[in-house]
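Shown next, in structure tokens, is the structure this report addresses.
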Amino acid sequence: KQEVTQIPAALSVPEGENLVLNCSFTDSAIYNLQWFRQDPGKGLTSLLLIQSSQREQTSGRLNASLDKSSGRSTLYIAASQPGDSATYLCAVVYGGTSYGKLTFGQGTILTVHP
Amino acid sequence: GEEVAQTPKHLVRGEGQKAKLYCAPIKGHSYVFWYQQVLKNEFKFLISFQNENVFDETGMPKERFSAKCLPNSPCSLEIQATKLEDSAVYFCASSQVQGAGYTFGSGTRLTVV
């Protein structure tokens, strides 16, 4: 079964810390992997997309890596801020999946306190 | 900016009643997806479309759920005879290309009482 798992389920850190969120997937034959952010009562905002041929992507203070052989991705957030508080979701488009169906992890709830 | 518009934002139905949710994808986006988010952030894929054609409906409880994307109309997700376990937030997403560039709507919260 093609699954996505995220750890930790929740994380609380003081402002300014660098942090790492983890995502693992069960099948290395992926099309791409995406990280999303969800704020309470809102939809998903796409943060980073890593194609299967890529190793990492960066956007501002965010860096996401992909290791297909080990079935893992990490999202690194530098110098965290209270505004980063949200749920972070990892989602995989598995190879062969028709028309881009996303398989989501359970999410990591991040709280950054001042 | 452009957005995926979902209506209504909130919907309350008595058990056994019908519920109908709407999604207007971004103009020019050919692909539409419906997801169900239940407690603990679990996102479940329901169905996908390319234009008005169903492409993957493996996530749909077919006996009660149906969906359409017709030309010049919002897409719709209909639940006949709602059950308590249908209570969830239903998200619609659209994309221009397969597998990337998703824009999600803000969801419809369905509460079945």
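Chain identifiers are assigned as A, B, and so on, following the order in which chains appear in the structure tokens; residues are numbered from 1 within each chain, and ligands are numbered from 1 in order of appearance.
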
_Who sits within 7 Å of Thr103 in chain B, only C-alpha atoms, same chain under 4 positions skipped, as a PyMOL selection string_ = chain B and resi 4+93-95

Which residues of range 56-113 of chain A have any atom within 6 Å of an atom in range 31-34 of chain A when counting only C-alpha atoms, and what is the closest pair of atoms for each, with the distance in Å to one decimal? Order the rows by chain and rising number and write it as a Markdown table.
| residue | atom | partner | partner_atom | distance |
| --- | --- | --- | --- | --- |
| A:Cys90 | CA | A:Gln34 | CA | 5.8 |
| A:Ala91 | CA | A:Gln34 | CA | 5.2 |
| A:Val92 | CA | A:Leu33 | CA | 4.5 |
| A:Val93 | CA | A:Tyr31 | CA | 5.3 |
| A:Tyr94 | CA | A:Tyr31 | CA | 5.3 |
| A:Gly95 | CA | A:Tyr31 | CA | 4.9 |

Using 6 Å as the limit and counting only C-alpha atoms, can you tabulate each residue of chain B that touches chain A, with its shortest atom-to-atom distance in Å and the two atoms involved, as a tab-separated table?
residue	atom	partner	partner_atom	distance
B:Asn41	CA	A:Gln106	CA	5.5
B:Glu42	CA	A:Gln106	CA	5.4
B:Gln98	CA	A:Gly100	CA	5.3
B:Gly99	CA	A:Gly100	CA	3.8
B:Phe104	CA	A:Leu44	CA	5.7
B:Gly105	CA	A:Gly43	CA	5.5
B:Ser106	CA	A:Gly43	CA	4.0

*Measuring atom to atom with only C-alpha atoms, identify which of B:Lys27, B:Lys18, B:Gln96, B:Gln37 is nearest to Gln50 in chain B.*
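Among B:Lys27, B:Lys18, B:Gln96, B:Gln37, it is B:Gln96 that comes nearest to Gln50 in chain B.
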
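The space between CA of Ile7 in chain A and CA of Gly59 in chain B spans 25.1 Å.
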
*For range 89-91 of chain B, work out the shell of residues within 12 Å, counting only C-alpha atoms and skipping chain neighbours fewer than 6 positions away, then give it as an NGL selection string.*
(:A and (38 or 40-44)) or (:B and (4-12 or 19-25 or 32-48 or 75-79 or 102-112))

*Going by DSSP on the backbone, which bits of chain A are strand (DSSP E or B)? Write them as a ChimeraX atom specification, please.*
/A:4-7,10-14,19-25,30-38,44-51,56-59,62-67,72-77,86-94,103-104,108-113

*Contacts of range 78-84 of chain A at 12 Å (only C-alpha atoms; same-chain gap of 4+ positions) as a list in words*: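 The filter keeps Leu11, Ser12, Val13, Pro14, Glu15, Gly16, Glu17, Asn18, Leu19, Val20, Leu21, Arg37, Gln38, Asp39, Leu47, Thr58, Ser59, Gly60, Arg61, Leu62, Asn63, Ala64, Tyr88, Ile109, Leu110, Thr111, Val112, His113 and Pro114 of chain A.
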